[in-house]
Structures are given as C-alpha cells and as structure tokens.
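Dropping upload_17.csv in here (CSV, C-alpha atoms):
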```
chain,number,residue,atom,x,y,z
A,1,MET,CA,20.3,10.7,-26.4
A,2,ILE,CA,17.9,9.8,-23.5
A,3,GLU,CA,15.5,7.1,-24.5
A,4,ASP,CA,11.9,7.0,-23.4
A,5,ILE,CA,10.9,3.7,-21.9
A,6,ILE,CA,7.2,4.1,-21.4
A,7,THR,CA,4.7,6.5,-23.0
A,8,LEU,CA,1.1,7.2,-22.0
A,9,GLU,CA,-1.1,8.4,-24.8
A,10,GLY,CA,-4.5,9.8,-23.7
A,11,VAL,CA,-4.9,7.2,-20.9
A,12,SER,CA,-8.1,7.1,-19.0
A,13,LYS,CA,-9.2,4.6,-16.3
A,14,SER,CA,-12.4,4.4,-14.4
A,15,TYR,CA,-13.8,2.0,-11.8
A,16,GLY,CA,-17.5,1.7,-12.6
A,17,LYS,CA,-18.7,5.3,-12.8
A,18,ASN,CA,-15.7,6.7,-10.8
A,19,PRO,CA,-13.0,8.2,-13.1
A,20,VAL,CA,-9.5,7.8,-11.6
A,21,LEU,CA,-7.2,8.8,-14.5
A,22,ASP,CA,-8.4,11.2,-17.2
A,23,ASP,CA,-6.8,11.6,-20.6
A,24,ILE,CA,-3.2,11.5,-19.3
A,25,SER,CA,-0.4,11.7,-21.9
A,26,HIS,CA,3.2,11.6,-20.7
A,27,LYS,CA,6.6,10.2,-21.5
A,28,PHE,CA,8.9,8.5,-18.9
A,29,ARG,CA,12.6,8.2,-19.7
A,30,LYS,CA,14.7,5.0,-19.3
A,31,GLY,CA,16.7,5.1,-16.0
A,32,GLY,CA,14.5,7.8,-14.4
A,33,SER,CA,13.0,7.6,-10.9
A,34,TYR,CA,9.5,8.9,-10.5
A,35,ALA,CA,7.1,9.3,-7.6
A,36,PHE,CA,3.4,9.7,-7.7
A,37,ALA,CA,1.8,11.6,-4.8
A,38,GLY,CA,-1.7,12.6,-3.7
A,39,HIS,CA,-4.4,11.9,-1.2
A,40,ASN,CA,-5.6,8.3,-0.6
A,41,GLY,CA,-7.7,7.0,-3.4
A,42,CYS,CA,-6.5,9.6,-5.9
A,43,GLY,CA,-5.1,7.0,-8.3
A,44,LYS,CA,-1.5,6.5,-7.3
A,45,SER,CA,-1.7,2.7,-7.2
A,46,THR,CA,-3.8,2.6,-10.3
A,47,MET,CA,-1.1,4.6,-12.2
A,48,LEU,CA,1.5,2.0,-11.2
A,49,LYS,CA,-0.8,-0.8,-12.4
A,50,VAL,CA,-1.5,1.0,-15.7
A,51,ILE,CA,2.2,1.4,-16.3
A,52,ALA,CA,2.9,-2.3,-15.7
A,53,GLY,CA,-0.1,-3.4,-17.8
A,54,LEU,CA,-1.8,-5.0,-14.8
A,55,VAL,CA,-5.2,-3.3,-15.3
A,56,ARG,CA,-7.2,-2.7,-18.5
A,57,ILE,CA,-7.6,1.0,-19.4
A,58,ASN,CA,-10.8,2.5,-20.7
A,59,ARG,CA,-9.2,4.7,-23.3
A,60,GLY,CA,-5.8,5.5,-24.7
A,61,ARG,CA,-2.6,3.5,-25.1
A,62,VAL,CA,0.5,2.6,-23.1
A,63,ARG,CA,3.6,2.1,-25.4
A,64,TYR,CA,6.8,0.4,-24.4
A,65,SER,CA,10.2,0.8,-26.0
A,66,GLY,CA,10.7,-2.9,-26.8
A,67,LYS,CA,10.4,-5.7,-24.3
A,68,VAL,CA,10.2,-4.3,-20.8
A,69,GLY,CA,10.5,-6.5,-17.7
A,70,PHE,CA,8.7,-5.4,-14.5
A,71,SER,CA,9.1,-6.1,-10.7
A,72,TYR,CA,6.1,-5.0,-8.8
A,73,VAL,CA,5.8,-4.6,-5.0
A,74,PRO,CA,2.2,-3.9,-3.9
A,75,GLU,CA,1.4,-2.0,-0.7
A,76,LYS,CA,-0.2,-5.1,0.8
A,77,PHE,CA,2.0,-8.0,0.0
A,78,THR,CA,0.0,-11.2,0.6
A,79,GLY,CA,1.8,-13.9,2.6
A,80,LEU,CA,1.6,-17.5,1.6
A,81,ASP,CA,1.2,-20.3,4.1
A,82,VAL,CA,4.9,-21.2,3.9
A,83,SER,CA,8.0,-20.1,5.7
A,84,MET,CA,9.7,-16.9,4.6
A,85,GLU,CA,12.9,-18.7,3.8
A,86,TYR,CA,11.1,-21.4,1.7
A,87,TYR,CA,9.3,-18.7,-0.3
A,88,LEU,CA,12.4,-16.7,-1.1
A,89,LYS,CA,14.4,-19.8,-2.0
A,90,SER,CA,11.6,-20.8,-4.4
A,91,VAL,CA,11.6,-17.4,-6.0
A,92,ALA,CA,15.4,-17.4,-6.2
A,93,GLY,CA,15.3,-20.8,-7.9
A,94,MET,CA,12.8,-19.5,-10.5
A,95,GLU,CA,15.0,-16.5,-11.1
A,96,GLY,CA,18.2,-18.5,-11.3
A,97,ILE,CA,19.7,-16.6,-8.4
A,98,GLU,CA,22.2,-17.9,-5.9
A,99,PHE,CA,20.5,-17.9,-2.5
A,100,GLY,CA,23.6,-16.4,-0.9
A,101,ARG,CA,22.6,-13.1,-2.5
A,102,VAL,CA,19.1,-13.4,-1.0
A,103,GLU,CA,20.6,-14.2,2.4
A,104,GLY,CA,22.5,-10.9,2.3
A,105,LEU,CA,19.2,-9.1,1.7
A,106,ILE,CA,17.5,-11.0,4.6
A,107,ARG,CA,20.3,-9.7,6.9
A,108,ASP,CA,20.2,-6.2,5.5
A,109,PHE,CA,16.5,-5.9,6.3
A,110,PHE,CA,16.8,-7.4,9.8
A,111,LEU,CA,14.7,-10.5,9.0
A,112,GLU,CA,17.2,-13.2,10.1
A,113,ASP,CA,15.1,-14.2,13.1
A,114,MET,CA,12.0,-14.7,10.9
A,115,ARG,CA,13.5,-17.2,8.4
A,116,HIS,CA,11.3,-20.1,9.6
A,117,ILE,CA,8.2,-18.0,10.4
A,118,ARG,CA,5.2,-18.7,8.1
A,119,MET,CA,4.3,-15.7,6.1
A,120,THR,CA,0.7,-15.9,7.2
A,121,HIS,CA,2.0,-15.1,10.7
A,122,MET,CA,4.2,-12.1,9.7
A,123,SER,CA,3.2,-8.4,10.2
A,124,LYS,CA,2.4,-6.1,7.3
A,125,GLY,CA,5.8,-4.4,7.7
A,126,SER,CA,7.7,-7.6,7.6
A,127,LEU,CA,5.8,-8.9,4.6
A,128,GLN,CA,6.5,-5.6,2.8
A,129,LYS,CA,10.2,-6.3,3.4
A,130,VAL,CA,9.8,-9.7,1.8
A,131,GLY,CA,8.2,-8.1,-1.2
A,132,VAL,CA,11.0,-5.6,-1.5
A,133,ILE,CA,13.7,-8.4,-1.2
A,134,GLN,CA,11.9,-10.3,-4.0
A,135,ALA,CA,12.1,-7.2,-6.2
A,136,LEU,CA,15.8,-6.5,-5.3
A,137,MET,CA,17.1,-10.0,-5.7
A,138,ALA,CA,16.7,-10.0,-9.5
A,139,PRO,CA,15.7,-6.5,-10.5
A,140,LYS,CA,14.0,-6.1,-13.9
A,141,ASP,CA,14.1,-3.1,-16.3
A,142,VAL,CA,11.4,-1.3,-14.2
A,143,ILE,CA,10.6,-1.6,-10.5
A,144,LEU,CA,7.2,-0.4,-9.2
A,145,LEU,CA,6.8,0.2,-5.5
A,146,ASP,CA,3.5,1.0,-3.9
A,147,GLU,CA,3.9,2.8,-0.6
A,148,PRO,CA,7.2,1.0,0.0
A,149,LEU,CA,8.0,2.4,3.4
A,150,SER,CA,4.5,1.8,4.9
A,151,GLY,CA,5.0,0.2,8.3
A,152,GLN,CA,8.8,0.1,8.1
A,153,ASP,CA,11.2,1.0,11.0
A,154,ALA,CA,13.7,3.7,10.5
A,155,ASP,CA,16.7,1.4,10.0
A,156,SER,CA,14.9,-0.6,7.3
A,157,GLN,CA,13.9,2.7,5.6
A,158,GLU,CA,17.6,3.7,5.4
A,159,VAL,CA,18.5,0.3,4.0
A,160,PHE,CA,15.7,0.6,1.4
A,161,ILE,CA,16.8,4.1,0.3
A,162,SER,CA,20.4,2.9,-0.1
A,163,LYS,CA,19.4,-0.2,-2.1
A,164,VAL,CA,17.1,1.7,-4.5
A,165,ASN,CA,19.7,4.4,-5.1
A,166,GLU,CA,22.1,1.7,-6.0
A,167,LEU,CA,19.6,0.4,-8.6
A,168,ARG,CA,19.3,4.0,-10.0
A,169,THR,CA,23.0,4.1,-10.7
A,170,ARG,CA,22.6,0.9,-12.8
A,171,GLY,CA,20.0,2.5,-15.0
A,172,ILE,CA,16.9,0.7,-13.7
A,173,THR,CA,13.7,2.8,-14.0
A,174,ILE,CA,11.9,3.3,-10.7
A,175,PHE,CA,8.2,4.2,-10.2
A,176,MET,CA,6.6,4.5,-6.8
A,177,SER,CA,3.6,5.8,-5.1
A,178,CYS,CA,4.2,7.6,-1.7
A,179,HIS,CA,3.4,10.6,0.4
A,180,GLU,CA,6.7,10.9,2.5
A,181,LYS,CA,8.6,14.0,1.3
A,182,LYS,CA,11.9,12.4,2.6
A,183,LEU,CA,11.4,9.5,0.2
A,184,MET,CA,10.6,11.7,-2.7
A,185,ASP,CA,13.6,14.0,-2.1
A,186,GLU,CA,16.1,11.1,-1.7
A,187,LEU,CA,14.9,8.7,-4.4
A,188,SER,CA,13.0,10.6,-7.1
A,189,ASP,CA,14.2,12.6,-10.1
A,190,GLU,CA,10.6,13.9,-10.6
A,191,VAL,CA,7.5,14.0,-8.5
A,192,TYR,CA,4.0,14.1,-9.9
A,193,LEU,CA,0.7,14.8,-8.2
A,194,ILE,CA,-2.4,13.0,-9.2
A,195,GLU,CA,-5.4,15.3,-8.6
A,196,LYS,CA,-8.9,14.8,-10.1
A,197,GLY,CA,-7.6,12.4,-12.7
A,198,SER,CA,-4.8,14.8,-13.9
A,199,LEU,CA,-1.1,14.4,-13.6
A,200,ARG,CA,1.1,17.4,-12.9
A,201,SER,CA,4.6,18.1,-11.6
A,202,ARG,CA,5.2,18.9,-7.9
A,203,GLU,CA,6.7,22.2,-9.0
A,204,GLU,CA,3.2,23.3,-10.0
A,205,LYS,CA,2.0,23.0,-6.4
A,206,GLU,CA,2.5,26.2,-4.5
A,207,LYS,CA,3.2,24.8,-1.0
A,208,SER,CA,3.6,21.5,0.8
A,209,GLY,CA,1.4,20.7,3.7
A,210,PHE,CA,2.4,19.5,7.2
A,211,ARG,CA,1.1,16.9,9.6
A,212,ILE,CA,1.4,17.3,13.3
A,213,TYR,CA,1.2,14.1,15.4
A,214,VAL,CA,0.1,14.1,19.1
A,215,ARG,CA,-0.2,11.2,21.5
A,216,ARG,CA,-3.6,9.8,22.0
A,217,TYR,CA,-5.1,10.0,25.6
A,218,ASP,CA,-8.2,8.0,26.6
A,219,GLY,CA,-10.9,10.3,27.7
A,220,LYS,CA,-9.3,13.4,26.2
A,221,GLU,CA,-11.5,14.9,23.5
A,222,CYS,CA,-9.8,15.3,20.1
A,223,TRP,CA,-10.2,18.1,17.7
A,224,PRO,CA,-12.7,17.5,14.9
A,225,GLU,CA,-9.9,17.7,12.3
A,226,MET,CA,-7.7,15.1,14.1
A,227,ILE,CA,-7.4,11.7,12.5
A,228,LEU,CA,-6.6,8.6,14.6
A,229,ARG,CA,-3.4,6.8,13.6
A,230,GLY,CA,-2.9,3.9,16.0
A,231,HIS,CA,-1.8,5.4,19.3
A,232,LYS,CA,-1.5,8.9,17.8
A,233,TYR,CA,-3.7,11.6,16.3
A,234,MET,CA,-2.6,13.2,13.0
A,235,LEU,CA,-3.5,16.9,12.5
A,236,PRO,CA,-3.1,18.4,8.9
A,237,VAL,CA,-2.0,22.0,9.0
A,238,LYS,CA,-0.6,24.6,6.6
A,239,GLU,CA,2.9,25.8,7.0
A,240,GLU,CA,1.9,29.3,8.1
A,241,HIS,CA,-0.3,27.9,10.9
A,242,ILE,CA,2.2,25.5,12.4
A,243,LYS,CA,3.5,27.8,15.2
A,244,GLU,CA,0.0,28.9,16.5
A,245,THR,CA,-1.3,25.3,16.2
A,246,VAL,CA,1.6,23.8,18.2
A,247,MET,CA,1.2,26.5,20.9
A,248,LYS,CA,-2.5,25.7,21.2
A,249,LEU,CA,-1.8,22.0,21.5
A,250,TYR,CA,0.7,22.6,24.3
A,251,ASP,CA,-1.8,24.9,26.1
A,252,GLU,CA,-4.4,22.1,25.9
A,253,GLY,CA,-2.0,19.6,27.3
A,254,TRP,CA,-1.3,17.5,24.2
A,255,GLU,CA,2.0,15.7,23.9
A,256,LEU,CA,3.7,16.5,20.5
A,257,VAL,CA,5.3,13.4,19.0
A,258,GLY,CA,6.3,14.6,15.5
A,259,ILE,CA,5.9,17.0,12.6
A,260,GLU,CA,6.0,15.8,9.0
A,261,GLU,CA,6.1,17.6,5.7
A,262,TYR,CA,4.1,15.9,3.0
A,263,ILE,CA,2.8,16.4,-0.6
```
Could you rewrite the structure in this file as structure tokens?
Amino acid sequence: MIEDIITLEGVSKSYGKNPVLDDISHKFRKGGSYAFAGHNGCGKSTMLKVIAGLVRINRGRVRYSGKVGFSYVPEKFTGLDVSMEYYLKSVAGMEGIEFGRVEGLIRDFFLEDMRHIRMTHMSKGSLQKVGVIQALMAPKDVILLDEPLSGQDADSQEVFISKVNELRTRGITIFMSCHEKKLMDELSDEVYLIEKGSLRSREEKEKSGFRIYVRRYDGKECWPEMILRGHKYMLPVKEEHIKETVMKLYDEGWELVGIEEYI
C-alpha cells in the first residue's frame, strides 16, 4: 500500500493583500517526485516553503506522516564569506558524513578548481551547485529544489538529473519548482500547474507553449513581445505559430539560437 507523506488540507497563503495559494487540498505519496510549474510569481516557491513548514499559512493545515526530515535548496543560495571547501567540510561534520563522499560530489559538479574560492566571490550557478551538493551529501526524507537548473551548464544539468534519479530509486520524495519541460519529463512522476492560487495537473492544460531565442544586436529594434535574457531575446509563441514566426525572424535578419518547450 502506497503511503501518503504530506497532506495539504484547505491551505491558503497570502502576502499582504495578495493571495498566492487559495484553499488547496492535496495528498503527496511517499517516494513520489513532483514538479510545480507556472509563471514567475505564481506561487511555486511558496508551495515548496509551505510543504517544508518554512512559512506560516493563513488558513488550512499541513499534515505529515510521522517525523519528516527536509533538505531545501533555494533558487538563490546565499554564499558565506568562507571558502567553498571549508563550508562543505563544516556541513559534512554536522551531518556526520565522511568528506570523501563530498569530494566526489565536488568532482561530479566540476567545482574542483573552486575549492578555496570564498563563496561570496562565486557565481550564482556555482553557488547553486554548492546548495545541491549540500542536499545530496546526506539526503533527508524529502528534498525540495527551487529552480535547480537555473544558471547551470549542460554537463552539470546531466549530472544533476542522474543524481536525483538515483535518489528516486531509494524512495526519497522530491519536490521542485521549475519551468524546463526536459526537467519535468526526466525527473517528475507528476507535474502540477499553479494558476491564480489553484493547483491542477499538467494533463489538464491543453497545450504547452514555446520560447524562441534570438541573438541580441545593439541598434536592432526588438519586437514589443520580446524579453531580454542576457545577450538574447526570448519570444513566447504558441506551437501553431512557430513556423511563421521563425520565417519572419529570418526575413528580418535575426539569428535564431534556440527553441524551448515549456509549461
């Protein structure tokens, strides 16, 4: 018989006058892997914090099946003013973990050259890796990952996917907020969309959307719907409009750098 590990009963959460989660009731089974998707600010991160008991809810109840241990990796992992190696050694000591296991994770995530770099000098992507290593070195009953591939290179993404799938085989429950369809497909048993405070399964959504990325050129006027992403512009588009949009971009001299399906 499959055991439920966490149950939400009529949970509502607001920030000031802004409702984020509205009367959500749901059961999550032990050993499942769940992803929360939706636009920025929809409540994905709040849902993770509610599940872990990190924020006070306005109404409802969160029930756990016994004592549940959590590992939480926020989207923005704050670096302390100590070296990465010192920090991870300290965490390993508190967890009673042999540092050899941690050294393996440092190599796996390509951070060997950064052992003695102070965390305050590390990039967001590298700090995110440190947060993931901390969660993986001594995984608890439940791991919560907030946008875990944000700023990660392709090789590190593949390592991350492999490590998390290994945890799934050990019966550890996974929750994550994300928007990358690849991550949802490879790591999640179930995907839920958070829209206007409600929680619903991905299967209820008729179609996924797509994002087209083009290279930014100084002096070239972008389309009103283009969103700047570093040295690229992102253009949201429906599936049925991809071909005509790509042709129009080529006609106007834009350099296409990628197309991504998202939820």
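Note that the spacing between atom CA of A:Lys76 and atom CA of A:Leu48 amounts to 14.0 Å.
Using all atoms listed in the file, the nearest neighbour of A:Lys44 within the list A:Pro74, A:Gly16, A:Gly69, A:Gly100 is A:Pro74.
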Q: For A:Gly253, list every protein, DNA or RNA residue within 12 Å, evaluated using only C-alpha atoms, and leave out those in the same chain fewer than 3 positions away; present the list as a ChimeraX atom specification.
A: /A:214-217,220-222,246-250,256
Q) Hey, what's within 9 Å of stretch 162-164 of chain A if we count all atoms listed in the file and toss same-chain stuff fewer than 6 positions away? As a PyMOL selection string, please? A) chain A and resi 136+174+187
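Residues with at least one atom no more than 7 Å from (-1.1, 8.3, -23.6), using all atoms listed in the file, are Thr7, Leu8, Glu9, Gly10, Val11, Ile24, Ser25, His26, Gly60, Arg61 and Val62 of chain A.
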Q) Contacts of A:Thr173 at 8 Å or less, counting all atoms listed in the file, minus same-chain residues fewer than 5 places along, as a ChimeraX atom specification? A) /A:29-33,141-143,168
Q: Would you mind listing what lies within 9 Å of A:Val55 as a list in words, with all atoms listed in the file counted and same-chain residues fewer than 4 positions away left out?
A: Lys13, Thr46, Lys49, Val50 and Ile51 of chain A
Q: Calculate how many Å separate atom CA of A:Lys129 from atom CA of A:Asp146, rounding to one decimal.
A: 12.3 Å
Q) In Å, with one decimal, what is the gap from atom CA of A:Gly104 to atom CA of A:Arg170? A) 19.2 Å
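With distances restricted to all atoms listed in the file, A:Met176 is the closest residue to A:Glu190 from A:Ile227, A:Met176, A:Tyr86, A:Asp155.
Residue nearest A:Leu228 within the list A:Tyr213, A:Asp153, A:Ser83, A:Met184: A:Tyr213 [criterion: smallest interatomic distance, all atoms listed in the file].
Closest to A:Lys243 among A:His231, A:Ile259, A:Val82, A:Arg202 is A:Ile259, based on only C-alpha atoms.
Comparing A:Ile161, A:Ile212, A:Val73, A:Ile242 by their smallest distance to A:Ser188, the closest is A:Ile161 (using all atoms listed in the file).
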(Q) So, with all atoms listed in the file as the atoms that count, which of A:Gly53, A:Gly66, A:Gly131, A:Gly219 lies closest to A:Glu3? (A) A:Gly66
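Near (-1.7, 12.4, 7.2), the residues that fall inside 10 Å on the basis of all atoms listed in the file are His39, Asn40, His179, Glu180, Gly209, Phe210, Arg211, Ile212, Tyr213, Met226, Ile227, Leu228, Arg229, Tyr233, Met234, Leu235, Pro236, Val237, Glu260, Glu261, Tyr262 and Ile263 of chain A.
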Q: Would you kindly return, as an MDAnalysis selection string, each protein, DNA or RNA residue with an atom no farther than 10 Å from any atom of A:Ser198, considering only C-alpha atoms and excluding same-chain residues fewer than 2 positions away?
A: chainID A and resid 12 20:25 42:43 192:196 200
Those residues with C-alpha atoms, as a PDB file, keeping the file's coordinate frame please?
```pdb
ATOM      1  CA  SER A  12      -8.100   7.100 -19.000  1.00  0.00           C
ATOM      2  CA  VAL A  20      -9.500   7.800 -11.600  1.00  0.00           C
ATOM      3  CA  LEU A  21      -7.200   8.800 -14.500  1.00  0.00           C
ATOM      4  CA  ASP A  22      -8.400  11.200 -17.200  1.00  0.00           C
ATOM      5  CA  ASP A  23      -6.800  11.600 -20.600  1.00  0.00           C
ATOM      6  CA  ILE A  24      -3.200  11.500 -19.300  1.00  0.00           C
ATOM      7  CA  SER A  25      -0.400  11.700 -21.900  1.00  0.00           C
ATOM      8  CA  CYS A  42      -6.500   9.600  -5.900  1.00  0.00           C
ATOM      9  CA  GLY A  43      -5.100   7.000  -8.300  1.00  0.00           C
ATOM     10  CA  TYR A 192       4.000  14.100  -9.900  1.00  0.00           C
ATOM     11  CA  LEU A 193       0.700  14.800  -8.200  1.00  0.00           C
ATOM     12  CA  ILE A 194      -2.400  13.000  -9.200  1.00  0.00           C
ATOM     13  CA  GLU A 195      -5.400  15.300  -8.600  1.00  0.00           C
ATOM     14  CA  LYS A 196      -8.900  14.800 -10.100  1.00  0.00           C
ATOM     15  CA  ARG A 200       1.100  17.400 -12.900  1.00  0.00           C
TER      16      ARG A 200
END
```
Can you rebuild stretch 51-62 of chain A with all heavy atoms and give it as a PDB file, in the coordinates of the input?
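For reference, out_4.pdb as written:
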```pdb
ATOM      1  N   ILE A  51       0.880   1.455 -15.741  1.00  0.00           N
ATOM      2  CA  ILE A  51       2.200   1.400 -16.300  1.00  0.00           C
ATOM      3  C   ILE A  51       2.707   0.011 -16.542  1.00  0.00           C
ATOM      4  O   ILE A  51       3.337  -0.296 -17.563  1.00  0.00           O
ATOM      5  CB  ILE A  51       3.197   2.222 -15.405  1.00  0.00           C
ATOM      6  CG1 ILE A  51       2.908   3.727 -15.497  1.00  0.00           C
ATOM      7  CG2 ILE A  51       4.655   1.934 -15.751  1.00  0.00           C
ATOM      8  CD1 ILE A  51       3.659   4.567 -14.481  1.00  0.00           C
ATOM      9  N   ALA A  52       2.400  -0.868 -15.607  1.00  0.00           N
ATOM     10  CA  ALA A  52       2.900  -2.300 -15.700  1.00  0.00           C
ATOM     11  C   ALA A  52       1.931  -3.131 -16.544  1.00  0.00           C
ATOM     12  O   ALA A  52       2.232  -4.304 -16.766  1.00  0.00           O
ATOM     13  CB  ALA A  52       2.979  -2.857 -14.302  1.00  0.00           C
ATOM     14  N   GLY A  53       0.810  -2.570 -16.992  1.00  0.00           N
ATOM     15  CA  GLY A  53      -0.100  -3.400 -17.800  1.00  0.00           C
ATOM     16  C   GLY A  53      -0.928  -4.353 -16.950  1.00  0.00           C
ATOM     17  O   GLY A  53      -1.390  -5.372 -17.462  1.00  0.00           O
ATOM     18  N   LEU A  54      -1.111  -4.056 -15.667  1.00  0.00           N
ATOM     19  CA  LEU A  54      -1.800  -5.000 -14.800  1.00  0.00           C
ATOM     20  C   LEU A  54      -3.311  -4.727 -14.730  1.00  0.00           C
ATOM     21  O   LEU A  54      -4.056  -5.535 -14.163  1.00  0.00           O
ATOM     22  CB  LEU A  54      -1.238  -4.857 -13.350  1.00  0.00           C
ATOM     23  CG  LEU A  54       0.224  -5.278 -13.192  1.00  0.00           C
ATOM     24  CD1 LEU A  54       0.700  -5.015 -11.767  1.00  0.00           C
ATOM     25  CD2 LEU A  54       0.400  -6.748 -13.544  1.00  0.00           C
ATOM     26  N   VAL A  55      -3.779  -3.593 -15.260  1.00  0.00           N
ATOM     27  CA  VAL A  55      -5.200  -3.300 -15.300  1.00  0.00           C
ATOM     28  C   VAL A  55      -5.552  -2.860 -16.753  1.00  0.00           C
ATOM     29  O   VAL A  55      -4.715  -2.296 -17.456  1.00  0.00           O
ATOM     30  CB  VAL A  55      -5.651  -2.231 -14.317  1.00  0.00           C
ATOM     31  CG1 VAL A  55      -5.457  -2.695 -12.890  1.00  0.00           C
ATOM     32  CG2 VAL A  55      -4.910  -0.926 -14.555  1.00  0.00           C
ATOM     33  N   ARG A  56      -6.769  -3.118 -17.140  1.00  0.00           N
ATOM     34  CA  ARG A  56      -7.200  -2.700 -18.500  1.00  0.00           C
ATOM     35  C   ARG A  56      -7.677  -1.244 -18.402  1.00  0.00           C
ATOM     36  O   ARG A  56      -8.455  -0.858 -17.516  1.00  0.00           O
ATOM     37  CB  ARG A  56      -8.408  -3.589 -18.900  1.00  0.00           C
ATOM     38  CG  ARG A  56      -8.887  -3.311 -20.336  1.00  0.00           C
ATOM     39  CD  ARG A  56     -10.159  -4.106 -20.612  1.00  0.00           C
ATOM     40  NE  ARG A  56      -9.919  -5.532 -20.514  1.00  0.00           N
ATOM     41  CZ  ARG A  56      -9.510  -6.272 -21.540  1.00  0.00           C
ATOM     42  NH1 ARG A  56      -9.263  -5.708 -22.714  1.00  0.00           N
ATOM     43  NH2 ARG A  56      -9.321  -7.568 -21.371  1.00  0.00           N
ATOM     44  N   ILE A  57      -7.183  -0.426 -19.321  1.00  0.00           N
ATOM     45  CA  ILE A  57      -7.600   1.000 -19.400  1.00  0.00           C
ATOM     46  C   ILE A  57      -8.844   1.133 -20.200  1.00  0.00           C
ATOM     47  O   ILE A  57      -9.154   0.293 -21.044  1.00  0.00           O
ATOM     48  CB  ILE A  57      -6.452   1.880 -19.892  1.00  0.00           C
ATOM     49  CG1 ILE A  57      -6.036   1.460 -21.302  1.00  0.00           C
ATOM     50  CG2 ILE A  57      -5.255   1.849 -18.934  1.00  0.00           C
ATOM     51  CD1 ILE A  57      -4.951   2.352 -21.906  1.00  0.00           C
ATOM     52  N   ASN A  58      -9.581   2.227 -19.942  1.00  0.00           N
ATOM     53  CA  ASN A  58     -10.800   2.500 -20.700  1.00  0.00           C
ATOM     54  C   ASN A  58     -10.568   3.113 -22.045  1.00  0.00           C
ATOM     55  O   ASN A  58     -11.240   2.809 -23.025  1.00  0.00           O
ATOM     56  CB  ASN A  58     -11.756   3.362 -19.859  1.00  0.00           C
ATOM     57  CG  ASN A  58     -12.153   2.720 -18.550  1.00  0.00           C
ATOM     58  OD1 ASN A  58     -11.526   2.970 -17.523  1.00  0.00           O
ATOM     59  ND2 ASN A  58     -13.172   1.861 -18.576  1.00  0.00           N
ATOM     60  N   ARG A  59      -9.595   4.017 -22.073  1.00  0.00           N
ATOM     61  CA  ARG A  59      -9.200   4.700 -23.300  1.00  0.00           C
ATOM     62  C   ARG A  59      -7.747   4.954 -23.351  1.00  0.00           C
ATOM     63  O   ARG A  59      -7.102   5.014 -22.306  1.00  0.00           O
ATOM     64  CB  ARG A  59      -9.985   6.018 -23.489  1.00  0.00           C
ATOM     65  CG  ARG A  59     -11.477   5.890 -23.681  1.00  0.00           C
ATOM     66  CD  ARG A  59     -12.104   7.226 -24.050  1.00  0.00           C
ATOM     67  NE  ARG A  59     -11.771   8.270 -23.095  1.00  0.00           N
ATOM     68  CZ  ARG A  59     -12.416   8.471 -21.969  1.00  0.00           C
ATOM     69  NH1 ARG A  59     -13.434   7.690 -21.650  1.00  0.00           N
ATOM     70  NH2 ARG A  59     -12.060   9.439 -21.152  1.00  0.00           N
ATOM     71  N   GLY A  60      -7.218   5.145 -24.551  1.00  0.00           N
ATOM     72  CA  GLY A  60      -5.800   5.500 -24.700  1.00  0.00           C
ATOM     73  C   GLY A  60      -4.925   4.309 -24.963  1.00  0.00           C
ATOM     74  O   GLY A  60      -5.389   3.206 -25.264  1.00  0.00           O
ATOM     75  N   ARG A  61      -3.621   4.536 -24.790  1.00  0.00           N
ATOM     76  CA  ARG A  61      -2.600   3.500 -25.100  1.00  0.00           C
ATOM     77  C   ARG A  61      -1.401   3.666 -24.235  1.00  0.00           C
ATOM     78  O   ARG A  61      -0.997   4.797 -23.924  1.00  0.00           O
ATOM     79  CB  ARG A  61      -2.256   3.636 -26.582  1.00  0.00           C
ATOM     80  CG  ARG A  61      -1.278   2.586 -27.086  1.00  0.00           C
ATOM     81  CD  ARG A  61      -0.900   2.883 -28.522  1.00  0.00           C
ATOM     82  NE  ARG A  61       0.068   1.908 -29.036  1.00  0.00           N
ATOM     83  CZ  ARG A  61       0.751   2.063 -30.152  1.00  0.00           C
ATOM     84  NH1 ARG A  61       0.581   3.149 -30.885  1.00  0.00           N
ATOM     85  NH2 ARG A  61       1.612   1.138 -30.540  1.00  0.00           N
ATOM     86  N   VAL A  62      -0.809   2.560 -23.851  1.00  0.00           N
ATOM     87  CA  VAL A  62       0.500   2.600 -23.100  1.00  0.00           C
ATOM     88  C   VAL A  62       1.484   1.888 -24.075  1.00  0.00           C
ATOM     89  O   VAL A  62       1.311   0.746 -24.471  1.00  0.00           O
ATOM     90  CB  VAL A  62       0.393   1.781 -21.812  1.00  0.00           C
ATOM     91  CG1 VAL A  62       1.737   1.851 -21.087  1.00  0.00           C
ATOM     92  CG2 VAL A  62      -0.715   2.341 -20.925  1.00  0.00           C
TER      93      VAL A  62
END
```
